[in-house]
Amino acid sequence: MPSVTLAIPDDFEGWRAAARALVMAGIPPEAVEWRAEGDPVPLFADGPPPAPPADAPPPRVPRGFPDLAGLVIRHRDPGRFALLHGLLHRLQHERGLLDDAADPAVARANAMARAVRRDAHKMHAFLRFREVRVKDGTLAAPLAAPDPVAVPDTPAPARNARSVALALRDLGPLEEPAEAPPPPPGRPAPAPAPESRFVAWFEPEHHILRAESGFFTRRFAMLRWSILTPELSAHWDGQEVRFGPGARRADAPAEDAAETLWRAYFASIFNPARLKPDAMRAEMPQKYWRNLPEAQDIPRLMQEAPKRVAEMVARGATPPTERRQRAIHLPAIIRPAQPEAPRGVDSAMPADLLTPDEDFAEAQAALRRDLLARNDLPPWVANATQPVMGEGPQHPLLMFIGEQPGDEEDLKGQPFVGPAGRLWNKALEEAGVPRGEAYVTNAVKHFKFTPTGKRRLHQSPDAGDITFYRPFLQREIGFVQPRLIVTLGATALRAVSGRAMPVTKVRSSLLRDPEGRPFYPTVHPSYLLRLPDPAAKAREYDRFVEDLGQAAATARNLPAR
Amino acid sequence: MELREKLEILADAAKYDASCASSGTEKRDSRDGGLGSTEGMGICHAYAPDGRCISLLKVLLTNACVFDCAYCVNRASSNVRRARFSVREIVGLTLDFYRRNYIEGLFLSSGIIRSPDYTMEQIVRVARELRETHGFKGYIHLKTIPDADPALLAEAGRHADRLSINVELPQPASLKTLAPEKDSGRIRVAMAGLRTRIEEAKEARAQAAKPRVLMNGGPRAAAPRFAPAGQSTQMIVGADASTDETILDTSTHLYGSYRLKRVYFSAYSPIPDASALLPPVAPPLVREHRLYQADWLLRFYGFTAPEIMAGGEGGMLDLEVDPKLAWALKHRWMFPVDINRADKEMLLRVPGLGAKTVERILSSRRVRSFRIADLARLRVSIRKVAPFVTALDHHPRAGLLDRADLRAMLVPKGGLADRAAILPAGLVPRPVQLPLFAHA
C-alpha cells in the first residue's frame with residue numbers, strides 16, 4: 001500500500017498537497033497509509049503514491065472545509081489525515097456533506113475540531129509565564145532551532161530536554177542576577193527590565209503550539225517570551241517566532257515573585273458561601289492544575305469554606321460600627337431624606353396649588369417633584385427612566401400637548417426630541433411659528449412601553465393613565481398660561497377636553513375645555529410617520545402644517561392671559 | 001499596610017459583583033506597541049472553587065464608603081477593615097498580572113468616598129494611566145458612579161471597554177429601604193445616558209467606516225470611542241421579597257431600555273459583617289441558576305415571560321427542573337415533536353435541544369431523515385429528549401406523556417435534597433427568601 005509521510009504533526013500544507021494529488025489520482029482513503037514524521041512506520045508501507053494523471057480535474061471543496069481541516073490536522077488522533085482525506089474524497093460528489101452534522105465522519109471531524117479549539121482556548125487561558133532575568137541582555141539569539149520556521153528534519157526524539165536546558169543556560173542563569181535583586185514579594189514590579197524573558201511551561205493535548213503562537217505574539221509583542229511544551233518550544237524575540245525542540249517541566253523557571261500576590265488574589269476573590277467545585281472542575285479540569293500556581297490553594301480553600309460560612313451564620317448580624325464612614329462632601333441630592341409622611345397629592349388638585357403668580361421655574365420643578373413623590377403611580381412607571389416634563393416659555397402663543405414621551409424622550413428627559421418631535425419641529429418652522437413662542441408637553445409624563453428584545457414598543461396610555469396624569473396637566477396649563485392650547489392626537493384631546501372623542505370630527509376647530517380655556521385639536525405627528533403611502537403622507541403633512549399656521553393665527557386674535 | 005494585605009481586603013470587597021466578562025469589545029493587539037490584545041472572545045484565566053470565572057483583576061479602589069447599603073459588606077456602618085490602593089499600585093498589579101497571562105484586564109469599582117465626582121475621578125485616573133502611560137490594550141471594565149460629572153463619564157467611556165451601573169435590587173421600593181442613598185431614578189437616568197453615548201459612538205464609527213463619497217470632501221474626524229463592549233448591570237436576588245416574575249420583568253425591561261449586554265443575577269450571599277436588616281442565610285444558588293436559564297429562554301428561544309412563569313407557581317420558577325422542562329410538562333399536548341418535520345420555533349421548545357443543536361438539525365434534515373442514533377451524534381442527551389420527540393425509529397411509549405409521574409422520571413435524581421449537598425454545612429437551601437420587610 002502506498003504511504004504518505006508528513007514532515008510535522010500539524011503539517012496542513014503537506015497534507016493538502018498530498019491529498020489533492022491522491023484525489024486527482026482517484027486513490028481512495030482506504031488504499032493509502034498516512035503518517036507524520038515520528039509516528040510508527042506501518043508494516044506494509046510502500047513508497048509514495050503514483051502521481052495523478054496530468055489532465056485530472058483539481059478537487060473542489062466548499063468554503064468551510066479548509067478551516068475545518070486546518071483545525072482537525074492539529075488533533076493528536078493518528079487517524080486525522082485519513083479522516084480528512086475521506087471527507088475530501090466524498091466532497092467531490094456530496095456537495096452538502098459538511099452541512100450534515102449527523103453524518104458519522106462529519107460528526108467525528110467536528111468533534112476533533114471542537115477538541116482542538118478547546119485546547120487552544122485553554123492554552124490562552126491557563127498558560128502562566130514566569131519572569132526570568134538574564135545577564136547581558138543576549139536574548140535575541142534563538143534558543144535551540146536556528147531556522148525560523150524550524151521543521152525538524154529528523155523525527156523529534158522523545159526527550160530533547162538536554163538541548164533546551166543548555167539553550168536556556170546559554171541565555172544566562174535562571175536566577176536573578178546578584179546586582180539586580182528581585183522586588184520584595186508584595187511590591188508591584190516595575191516595567192519588565194529589558195533583560196527579562198517570560199517563560200511558560202504548558203502541556204497541550206494536541207499539536208497546537210505552532211498555530212497558537214500567533215495569539216501570544218499579538219498579545220505580548222513587546223515582551224520576549226518562550227513557551228515550552230513536551231513536543232515543541234516557541235521563542236519570541238520581538239521580531240519572529242522560532243520553534244525549537246520539546247522540553248521538560250524542569251527547564252522552565254520554578255517560581256515568580258508575582259505569584260504570591262496572584263495566589264492572594266485568587267483566595268480572596270473566592271466566595272466560600274457559594275462552593276461549587278463541580279462547576280470549577282468542568283471549566284478548569286484537574287489536569288491543568290499542576291501548572292497553575294493558584295491551584296495549589298484550591299484544596300485548602302474548599303476545606304475551610306464550610307467553617308467560614310458557619311462562622312458567618314453563627315455570628316449573625318453585627319452591630320453598626322462606632323466609627324461610621326461619614327459623608328462630608330456628599331451633594332445634598334444623595335443624602336437620604338429624613339423619613340417623612342408620604343407626600344401624596346390629592347388627585348383633585350386643590351385650587352390654591354394653581355396660583356398663577358408662582359415663579360415659573362419653581363412651578364415647573366414643583367410639578368415634577370410632586371409627580372415623583374406620588375406613591376400611587378401606575379405600576380408600569382417603574383420601567384420608565386424618568387418623567388418627561390414640559391419645555392418652553394411662560395405665556396406662549398401656543399401650548400402643544402402630545403401623548404406621552406417616546407424612547408428618545410425617555411432617555412434624554414426632554415419632550416419632542418424623537419422622530420415625531422423632529423417632524424413637529426419642521427412643520428412648526430414651515431408654518432412660520434417661532435419656536436420661542438411654543439411650549440411643548442405631554443398628557444402622560446412617563447413612557448409606557450412593551451419590551452421586545454432590544455426595542456421598546458410604544459404602548460398607548462389607557463383611560464386610567466390619562467385620568468391619573470390629568471391633574472398634573474391641568475396644573476401645568478394653569479401656570480404656563482398659553483393663549484391657545486393645541487392638542488396633538490386623541491390622548492391629548494381626551495386629557496384636555498375631559499372626554500373621549502374622535503380627532504377627525506373636531507380637528508381644526510376652536511373648542512373650549514371645561515374650564516373655558518380655548519383649545520385647537522389636530523393630529524399627532526406620529527400619525528404622519530405611520531402612513532405607508534408617500535402621497536397620503538405628503539398630503540397629510542401639508543394639512544398638518546396648515547393646521548399649525550391656522551392655530552397660530554387664531555391664537556393671535558385671542559386675548560393674552 | 002502591605003500591598004498584599006490591601007489586595008486581600010479589596011478583592012474580598014469586590015467579589016460580590018458577579019460580572020467578569022471580557023468579551024465583545026473591538027479587536028486590538030500590541031504589534032504596533034503597548035501591551036495586550038482583545039480578540040472578541042472573552043477568556044477565563046482561572047476558576048475559583050465557587051465555580052465563577054476569573055477573567056479580570058476585580059478589585060475596589062477603596063472599600064471605604066459613605067453609602068450605607070444593607071446588603072453590602074462595605075457599607076458605611078460595617079466593621080470591615082478599610083483599605084485604599086494608590087493609582088500606581090493598581091496599575092502595577094494589573095500590568096504584572098497581565099504580563100504573566102493571569103488576567104484579561106481590570107474591573108475596577110470603588111466605594112464612594114468624599115463625593116461621586118472625586119471617586120469617579122480616581123477610577124478614571126487608573127484607566128487613563130493604563131491606557132496612556134503604559135499603552136495597555138487589555139480589557140478594562142469600569143464601574144460608573146451614577147451621579148458623577150458627565151465629562152468624567154465621557155473620559156471613562158473613552159478608556160473603558162465596558163461600563164456598568166448596578167440597579168442592585170429588582171424594585172425601586174427595595175432599593176429605597178436597603179440602600180437609602182441610592183435612587184433607582186438616578187440610576188436609570190445614568191444608564192440612559194450611557195446608552196445614548198454608546199449608540200452615538202457606534203453610529204459615528206459606522207459612518208467613519210463607510211467609503212467616503214466624493215461630495216463629502218475632506219477627511220472625517222476620528223470617531224469618539226465610548227465603551228465598545230457596551231454596558232451591563234447586576235441585580236441581587238434574594239435580598240428582598242421580589243418574585244422571579246418581578247425579577248424577569250425588570251430585567252426584560254432593562255435589556256430593552258438600555259440595550260444592556262447582560263443583566264447579572266447575584267444570589268444574596270452571607271457576608272462576614274451582616275446588617276441587622278439582612279441576616280445571613282444560604283445564598284439561593286439554584287434560584288439564581290433558574291433565573292439565568294429563564295433569561296436565556298426569553299432572549300434566545302422565543303419564549304415570553306408569561307409562558308415561562310406558567311411553568312412555575314405563584315410567580316416563582318420551579319426549582320427542581322429547568323424552566324424549559326417545566327413549561328413542557330405543563331404543555332404536554334404540544335408533544336411529541338417530530339424531529340424530521342417540526343419548525344424551528346417548536347424544535348427550540350423541546351427540552352434538551354439547544355439553539356445550536358436546532359440549527360444543526362435543520363441543516364442536516366435537508367439530506368437525512370433523523371433516527372435516534374443521528375441525534376446522539378449531535379451530542380443530544382437521548383434520556384432528556386426521548387419523551388418529547390419522534391424520529392424515524394422512535395416514538396415515545398404510548399401514554400408516556402400522560403403519565404402523572406413523568407415529572408418524577410425526569411427530575412435529576414435527588415432533586416433539591418441533592419443540591420443541598422453542594423451548600424456549605426449549616427445552611428439549609430431555602431427556595432423562597434426571607435420576607436424582607438418583616439421589620440417595617
# chains A, B, ... in the order shown; residues from 1 in each chain; ligands from 1
>>> residues_around(residues="Ala391 of chain B", least_positions_apart="3", cutoff="7 Å", atoms="only C-alpha atoms", output="number ranges by chain")
B: 338-340, 370-372, 394-395
>>> select_by_dssp(residues="segment 75-201 of chain B", states="strand (DSSP E or B)", output="PyMOL selection string")
chain B and resi 84+105-109+136+139-143+162-164+168
>>> closest_residue(among="B:Ala64, B:Met1, B:Leu325, B:Ala355", to="chain A", atoms="only C-alpha atoms")
B:Ala64
>>> residues_around(residues="segment 378-382 of chain B", least_positions_apart="5", cutoff="9 Å", atoms="only C-alpha atoms", output="list of chain:residue names")
A:Ala101, A:Ala102, A:Ala107, B:Gly352, B:Leu353, B:Gly354, B:Thr357, B:Arg360, B:Ile361, B:Ile372, B:Ala373
>>> write_last_selection(atoms="N, CA and C atoms", output="JSON list (two decimals), in the first residue's frame")
[["chain", "number", "residue", "atom", "x", "y", "z"],
["A", 101, "ALA", "N", -24.38, 17.48, 9.98],
["A", 101, "ALA", "CA", -23.58, 17.26, 11.19],
["A", 101, "ALA", "C", -23.84, 15.88, 11.78],
["A", 102, "ALA", "N", -24.89, 15.18, 11.33],
["A", 102, "ALA", "CA", -25.19, 13.87, 11.88],
["A", 102, "ALA", "C", -24.48, 12.76, 11.11],
["A", 107, "ALA", "N", -19.42, 14.25, 11.90],
["A", 107, "ALA", "CA", -19.54, 14.39, 13.35],
["A", 107, "ALA", "C", -18.18, 14.19, 14.01],
["B", 352, "GLY", "N", -33.97, 19.80, 26.19],
["B", 352, "GLY", "CA", -32.79, 19.03, 25.80],
["B", 352, "GLY", "C", -32.21, 19.43, 24.46],
["B", 353, "LEU", "N", -32.94, 20.26, 23.69],
["B", 353, "LEU", "CA", -32.38, 20.73, 22.42],
["B", 353, "LEU", "C", -31.95, 22.19, 22.57],
["B", 354, "GLY", "N", -30.67, 22.44, 22.39],
["B", 354, "GLY", "CA", -30.17, 23.81, 22.47],
["B", 354, "GLY", "C", -30.27, 24.51, 21.13],
["B", 357, "THR", "N", -27.89, 23.08, 18.48],
["B", 357, "THR", "CA", -28.32, 21.76, 18.02],
["B", 357, "THR", "C", -29.48, 21.90, 17.04],
["B", 360, "ARG", "N", -28.24, 22.70, 13.70],
["B", 360, "ARG", "CA", -27.63, 21.54, 13.05],
["B", 360, "ARG", "C", -28.70, 20.58, 12.55],
["B", 361, "ILE", "N", -29.75, 20.40, 13.35],
["B", 361, "ILE", "CA", -30.83, 19.50, 12.91],
["B", 361, "ILE", "C", -31.44, 20.04, 11.62],
["B", 372, "ILE", "N", -32.75, 8.05, 16.06],
["B", 372, "ILE", "CA", -32.24, 8.41, 17.38],
["B", 372, "ILE", "C", -30.72, 8.46, 17.40],
["B", 373, "ALA", "N", -30.08, 7.52, 16.67],
["B", 373, "ALA", "CA", -28.62, 7.49, 16.67],
["B", 373, "ALA", "C", -28.04, 8.77, 16.04]]
>>> atom_distance(atom1="atom CA of Thr250 of chain B", atom2="atom CA of Glu320 of chain B")
23.5 Å
>>> residues_around(residues="Ala490 of chain A", least_positions_apart="3", cutoff="12 Å", atoms="only C-alpha atoms", output="ChimeraX atom specification")
/A:401-404,442-443,460-463,466,486-487,493-507,521-527
>>> write_last_selection(atoms="C-alpha atoms", output="short mmCIF file (atom, residue, chain, number, x, y, z; two decimals), in the first residue's frame")
data_model
loop_
_atom_site.label_atom_id
_atom_site.label_comp_id
_atom_site.auth_asym_id
_atom_site.auth_seq_id
_atom_site.Cartn_x
_atom_site.Cartn_y
_atom_site.Cartn_z
CA ILE A 401 -49.80 68.81 24.20
CA GLY A 402 -48.69 65.46 22.84
CA GLU A 403 -49.48 61.95 24.02
CA GLN A 404 -46.50 60.66 26.03
CA ASN A 442 -47.31 65.59 27.03
CA ALA A 443 -50.61 64.48 28.50
CA SER A 460 -50.86 53.81 24.15
CA PRO A 461 -51.88 55.15 27.54
CA ASP A 462 -55.30 53.93 28.62
CA ALA A 463 -58.13 55.91 30.15
CA ILE A 466 -54.88 59.74 31.24
CA VAL A 486 -53.07 72.75 20.62
CA THR A 487 -53.84 69.09 21.31
CA LEU A 493 -57.67 65.72 23.19
CA ARG A 494 -59.16 63.49 25.84
CA ALA A 495 -56.90 64.83 28.59
CA VAL A 496 -57.78 68.45 27.80
CA SER A 497 -61.47 68.06 26.99
CA GLY A 498 -62.10 65.53 29.72
CA ARG A 499 -63.93 63.13 27.44
CA ALA A 500 -63.22 60.71 24.60
CA MET A 501 -63.95 61.98 21.11
CA PRO A 502 -62.59 61.22 17.65
CA VAL A 503 -59.90 63.66 16.48
CA THR A 504 -61.18 63.60 12.90
CA LYS A 505 -64.58 65.02 13.96
CA VAL A 506 -63.26 68.06 15.79
CA ARG A 507 -59.94 68.62 14.05
CA PRO A 521 -57.29 69.86 18.17
CA THR A 522 -55.19 68.34 15.40
CA VAL A 523 -53.45 65.02 14.68
CA HIS A 524 -50.32 63.74 16.34
CA PRO A 525 -47.16 63.91 14.16
CA SER A 526 -46.53 60.19 14.77
CA TYR A 527 -49.72 59.55 12.78
#
>>> atom_distance(atom1="atom CA of Gln474 of chain A", atom2="atom CA of Pro434 of chain A")
24.6 Å
>>> select_by_dssp(residues="segment 238-339 of chain A", states="alpha helix (DSSP H)", output="MDAnalysis selection string")
chainID A and resid 259:269 277:283 298:315
>>> write_last_selection(atoms="N, CA and C atoms", output="tab-separated table (two decimals), in the first residue's frame")
chain	number	residue	atom	x	y	z
A	259	GLU	N	3.69	35.65	41.95
A	259	GLU	CA	2.75	34.57	42.25
A	259	GLU	C	2.15	34.66	43.64
A	260	THR	N	2.93	35.21	44.58
A	260	THR	CA	2.39	35.37	45.94
A	260	THR	C	1.14	36.25	45.89
A	261	LEU	N	1.23	37.36	45.14
A	261	LEU	CA	0.10	38.27	45.04
A	261	LEU	C	-1.06	37.64	44.29
A	262	TRP	N	-0.73	36.93	43.23
A	262	TRP	CA	-1.77	36.29	42.43
A	262	TRP	C	-2.54	35.26	43.25
A	263	ARG	N	-1.80	34.48	44.04
A	263	ARG	CA	-2.47	33.48	44.88
A	263	ARG	C	-3.30	34.15	45.95
A	264	ALA	N	-2.81	35.27	46.46
A	264	ALA	CA	-3.59	36.00	47.47
A	264	ALA	C	-4.89	36.51	46.83
A	265	TYR	N	-4.79	36.96	45.59
A	265	TYR	CA	-5.99	37.45	44.89
A	265	TYR	C	-6.99	36.31	44.68
A	266	PHE	N	-6.48	35.19	44.20
A	266	PHE	CA	-7.32	34.03	43.91
A	266	PHE	C	-8.09	33.60	45.18
A	267	ALA	N	-7.38	33.56	46.31
A	267	ALA	CA	-8.02	33.13	47.55
A	267	ALA	C	-9.06	34.16	48.02
A	268	SER	N	-8.81	35.44	47.76
A	268	SER	CA	-9.72	36.47	48.27
A	268	SER	C	-10.94	36.66	47.41
A	269	ILE	N	-10.83	36.40	46.12
A	269	ILE	CA	-11.97	36.64	45.23
A	269	ILE	C	-12.98	35.49	45.34
A	277	PRO	N	-17.66	23.20	43.48
A	277	PRO	CA	-16.41	22.67	42.91
A	277	PRO	C	-16.62	21.99	41.56
A	278	ASP	N	-17.82	21.42	41.33
A	278	ASP	CA	-18.03	20.74	40.05
A	278	ASP	C	-18.00	21.72	38.89
A	279	ALA	N	-18.60	22.90	39.13
A	279	ALA	CA	-18.58	23.92	38.09
A	279	ALA	C	-17.15	24.34	37.80
A	280	MET	N	-16.36	24.43	38.85
A	280	MET	CA	-14.95	24.80	38.66
A	280	MET	C	-14.22	23.73	37.85
A	281	ARG	N	-14.41	22.46	38.23
A	281	ARG	CA	-13.68	21.38	37.55
A	281	ARG	C	-14.11	21.23	36.10
A	282	ALA	N	-15.40	21.52	35.82
A	282	ALA	CA	-15.87	21.39	34.45
A	282	ALA	C	-15.11	22.35	33.54
A	283	GLU	N	-14.85	23.53	34.04
A	283	GLU	CA	-14.20	24.53	33.20
A	283	GLU	C	-12.68	24.52	33.34
A	298	ILE	N	-6.44	25.45	46.12
A	298	ILE	CA	-7.85	25.05	46.00
A	298	ILE	C	-8.28	24.09	47.12
A	299	PRO	N	-7.52	23.00	47.38
A	299	PRO	CA	-7.99	22.07	48.42
A	299	PRO	C	-8.19	22.77	49.77
A	300	ARG	N	-7.26	23.64	50.13
A	300	ARG	CA	-7.38	24.34	51.41
A	300	ARG	C	-8.62	25.24	51.41
A	301	LEU	N	-8.83	25.98	50.31
A	301	LEU	CA	-9.98	26.90	50.26
A	301	LEU	C	-11.29	26.13	50.38
A	302	MET	N	-11.34	24.96	49.72
A	302	MET	CA	-12.57	24.17	49.76
A	302	MET	C	-12.80	23.59	51.15
A	303	GLN	N	-11.70	23.19	51.75
A	303	GLN	CA	-11.82	22.57	53.07
A	303	GLN	C	-12.26	23.59	54.12
A	304	GLU	N	-11.75	24.81	54.00
A	304	GLU	CA	-12.07	25.83	55.01
A	304	GLU	C	-13.44	26.46	54.81
A	305	ALA	N	-13.98	26.36	53.58
A	305	ALA	CA	-15.18	27.12	53.25
A	305	ALA	C	-16.35	26.88	54.20
A	306	PRO	N	-16.75	25.60	54.45
A	306	PRO	CA	-17.93	25.39	55.29
A	306	PRO	C	-17.77	26.04	56.67
A	307	LYS	N	-16.55	25.95	57.21
A	307	LYS	CA	-16.33	26.52	58.53
A	307	LYS	C	-16.48	28.04	58.49
A	308	ARG	N	-15.93	28.64	57.45
A	308	ARG	CA	-16.01	30.11	57.34
A	308	ARG	C	-17.46	30.57	57.26
A	309	VAL	N	-18.26	29.82	56.48
A	309	VAL	CA	-19.67	30.20	56.33
A	309	VAL	C	-20.42	29.98	57.64
A	310	ALA	N	-20.15	28.84	58.26
A	310	ALA	CA	-20.83	28.55	59.52
A	310	ALA	C	-20.55	29.66	60.54
A	311	GLU	N	-19.32	30.14	60.54
A	311	GLU	CA	-18.97	31.22	61.46
A	311	GLU	C	-19.77	32.49	61.15
A	312	MET	N	-19.88	32.79	59.85
A	312	MET	CA	-20.64	33.99	59.46
A	312	MET	C	-22.08	33.88	59.95
A	313	VAL	N	-22.64	32.67	59.74
A	313	VAL	CA	-24.04	32.49	60.11
A	313	VAL	C	-24.20	32.56	61.63
A	314	ALA	N	-23.26	31.92	62.32
A	314	ALA	CA	-23.34	31.91	63.78
A	314	ALA	C	-23.22	33.33	64.34
A	315	ARG	N	-22.38	34.12	63.71
A	315	ARG	CA	-22.19	35.49	64.19
A	315	ARG	C	-23.44	36.32	63.95
>>> closest_residue(among="B:Ala326, B:Val126, B:Leu175, B:Ile113", to="chain A", atoms="only C-alpha atoms")
B:Ile113
>>> atom_distance(atom1="atom CA of Phe447 of chain A", atom2="atom CA of Leu397 of chain A")
26.9 Å
>>> closest_residue(among="B:Asn79, B:Ser242, B:Thr62, B:Asn166", to="chain A", atoms="only C-alpha atoms")
B:Asn79
>>> residues_around(residues="segment 1-5 of chain A", least_positions_apart="5", cutoff="10 Å", atoms="only C-alpha atoms", output="list in words")
Gly14, Trp15, Ala18, Ala19, Leu22, Ile27, Glu30, Ala31, Val32, Glu33, Trp34, Arg35, Ala36, Glu37, Gly38, Asp39, Val41, Pro42, Leu43, Phe44, Ala45, Asp46, Gly47, Pro48, Pro49, Pro50 and Phe81 of chain A
>>> write_last_selection(atoms="N, CA and C atoms", output="mmCIF file, in the first residue's frame")
data_model
loop_
_atom_site.group_PDB
_atom_site.id
_atom_site.type_symbol
_atom_site.label_atom_id
_atom_site.label_comp_id
_atom_site.auth_asym_id
_atom_site.auth_seq_id
_atom_site.Cartn_x
_atom_site.Cartn_y
_atom_site.Cartn_z
ATOM 1 N N GLY A 14 1.398 20.251 3.749
ATOM 2 C CA GLY A 14 1.847 18.955 3.252
ATOM 3 C C GLY A 14 0.664 18.021 3.011
ATOM 4 N N TRP A 15 -0.272 18.018 3.982
ATOM 5 C CA TRP A 15 -1.434 17.156 3.818
ATOM 6 C C TRP A 15 -2.232 17.575 2.595
ATOM 7 N N ALA A 18 -0.645 16.508 -0.674
ATOM 8 C CA ALA A 18 -0.712 15.060 -0.894
ATOM 9 C C ALA A 18 -2.149 14.612 -1.156
ATOM 10 N N ALA A 19 -3.099 15.145 -0.359
ATOM 11 C CA ALA A 19 -4.491 14.714 -0.503
ATOM 12 C C ALA A 19 -5.050 15.124 -1.863
ATOM 13 N N LEU A 22 -3.835 12.696 -4.366
ATOM 14 C CA LEU A 22 -4.498 11.395 -4.218
ATOM 15 C C LEU A 22 -5.896 11.430 -4.817
ATOM 16 N N ILE A 27 -7.338 7.760 -5.879
ATOM 17 C CA ILE A 27 -6.966 6.754 -4.872
ATOM 18 C C ILE A 27 -7.803 6.964 -3.619
ATOM 19 N N GLU A 30 -8.878 4.305 1.849
ATOM 20 C CA GLU A 30 -8.511 3.005 2.413
ATOM 21 C C GLU A 30 -7.325 2.390 1.676
ATOM 22 N N ALA A 31 -6.880 3.021 0.582
ATOM 23 C CA ALA A 31 -5.764 2.460 -0.181
ATOM 24 C C ALA A 31 -4.456 3.203 0.086
ATOM 25 N N VAL A 32 -4.418 4.045 1.146
ATOM 26 C CA VAL A 32 -3.193 4.796 1.466
ATOM 27 C C VAL A 32 -2.889 4.673 2.948
ATOM 28 N N GLU A 33 -1.609 4.705 3.288
ATOM 29 C CA GLU A 33 -1.186 4.794 4.689
ATOM 30 C C GLU A 33 -0.737 6.222 4.940
ATOM 31 N N TRP A 34 -1.366 6.904 5.907
ATOM 32 C CA TRP A 34 -0.963 8.269 6.250
ATOM 33 C C TRP A 34 -0.186 8.234 7.560
ATOM 34 N N ARG A 35 0.894 8.990 7.640
ATOM 35 C CA ARG A 35 1.582 9.134 8.921
ATOM 36 C C ARG A 35 2.348 10.453 8.943
ATOM 37 N N ALA A 36 2.641 10.920 10.143
ATOM 38 C CA ALA A 36 3.521 12.075 10.280
ATOM 39 C C ALA A 36 4.873 11.565 10.720
ATOM 40 N N GLU A 37 5.899 12.339 10.448
ATOM 41 C CA GLU A 37 7.247 12.006 10.886
ATOM 42 C C GLU A 37 7.206 11.763 12.385
ATOM 43 N N GLY A 38 7.740 10.618 12.831
ATOM 44 C CA GLY A 38 7.718 10.338 14.270
ATOM 45 C C GLY A 38 6.642 9.334 14.634
ATOM 46 N N ASP A 39 5.585 9.224 13.799
ATOM 47 C CA ASP A 39 4.589 8.175 14.056
ATOM 48 C C ASP A 39 5.232 6.832 13.727
ATOM 49 N N VAL A 41 6.137 3.508 11.923
ATOM 50 C CA VAL A 41 6.111 3.175 10.498
ATOM 51 C C VAL A 41 5.220 1.952 10.291
ATOM 52 N N PRO A 42 4.244 2.031 9.403
ATOM 53 C CA PRO A 42 3.341 0.888 9.200
ATOM 54 C C PRO A 42 4.094 -0.296 8.596
ATOM 55 N N LEU A 43 3.576 -1.481 8.891
ATOM 56 C CA LEU A 43 4.244 -2.712 8.470
ATOM 57 C C LEU A 43 4.308 -2.846 6.959
ATOM 58 N N PHE A 44 3.206 -2.501 6.319
ATOM 59 C CA PHE A 44 3.132 -2.780 4.889
ATOM 60 C C PHE A 44 3.273 -1.529 4.044
ATOM 61 N N ALA A 45 4.036 -0.562 4.514
ATOM 62 C CA ALA A 45 4.149 0.680 3.780
ATOM 63 C C ALA A 45 5.026 0.507 2.558
ATOM 64 N N ASP A 46 4.534 1.012 1.436
ATOM 65 C CA ASP A 46 5.346 1.045 0.225
ATOM 66 C C ASP A 46 5.816 2.485 0.035
ATOM 67 N N GLY A 47 6.226 2.772 -1.142
ATOM 68 C CA GLY A 47 6.702 4.116 -1.468
ATOM 69 C C GLY A 47 5.552 5.089 -1.597
ATOM 70 N N PRO A 48 5.844 6.276 -2.086
ATOM 71 C CA PRO A 48 4.803 7.280 -2.263
ATOM 72 C C PRO A 48 3.802 6.853 -3.319
ATOM 73 N N PRO A 49 2.589 7.394 -3.263
ATOM 74 C CA PRO A 49 1.563 7.009 -4.239
ATOM 75 C C PRO A 49 1.934 7.506 -5.625
ATOM 76 N N PRO A 50 1.347 6.891 -6.645
ATOM 77 C CA PRO A 50 1.640 7.323 -8.013
ATOM 78 C C PRO A 50 1.118 8.740 -8.249
ATOM 79 N N PHE A 81 -5.453 12.291 9.340
ATOM 80 C CA PHE A 81 -5.138 12.541 7.925
ATOM 81 C C PHE A 81 -6.082 11.744 7.028
#
>>> residues_around(residues="segment 204-217 of chain A", least_positions_apart="6", cutoff="8 Å", atoms="only C-alpha atoms", output="PyMOL selection string")
(chain A and resi 9-10+74-76+116+119-120+123-124+229+232-234+236+241+243) or (chain B and resi 31)
>>> decode(residues="segment 156-167 of chain B", atoms="N, CA and C atoms", output="tab-separated table (two decimals), in the first residue's frame")
chain	number	residue	atom	x	y	z
B	156	ALA	N	-14.29	58.18	31.04
B	156	ALA	CA	-14.35	56.76	31.42
B	156	ALA	C	-14.67	55.92	30.19
B	157	GLY	N	-15.62	56.37	29.39
B	157	GLY	CA	-16.02	55.62	28.20
B	157	GLY	C	-14.95	55.58	27.14
B	158	ARG	N	-14.10	56.61	27.14
B	158	ARG	CA	-13.03	56.62	26.15
B	158	ARG	C	-12.00	55.54	26.47
B	159	HIS	N	-11.73	55.32	27.76
B	159	HIS	CA	-10.70	54.34	28.13
B	159	HIS	C	-11.27	52.92	28.29
B	160	ALA	N	-12.51	52.83	28.74
B	160	ALA	CA	-13.04	51.52	29.13
B	160	ALA	C	-13.61	50.77	27.94
B	161	ASP	N	-13.62	49.44	28.05
B	161	ASP	CA	-14.33	48.62	27.08
B	161	ASP	C	-15.78	48.49	27.49
B	162	ARG	N	-15.99	48.34	28.79
B	162	ARG	CA	-17.36	48.20	29.28
B	162	ARG	C	-17.55	49.09	30.49
B	163	LEU	N	-18.75	49.62	30.60
B	163	LEU	CA	-19.13	50.37	31.80
B	163	LEU	C	-20.33	49.67	32.42
B	164	SER	N	-20.47	49.80	33.72
B	164	SER	CA	-21.67	49.22	34.32
B	164	SER	C	-22.13	50.05	35.50
B	165	ILE	N	-23.42	50.02	35.69
B	165	ILE	CA	-24.04	50.65	36.85
B	165	ILE	C	-25.00	49.58	37.39
B	166	ASN	N	-24.94	49.28	38.65
B	166	ASN	CA	-25.81	48.23	39.17
B	166	ASN	C	-27.15	48.80	39.62
B	167	VAL	N	-28.23	48.16	39.14
B	167	VAL	CA	-29.55	48.57	39.65
B	167	VAL	C	-29.73	47.99	41.05
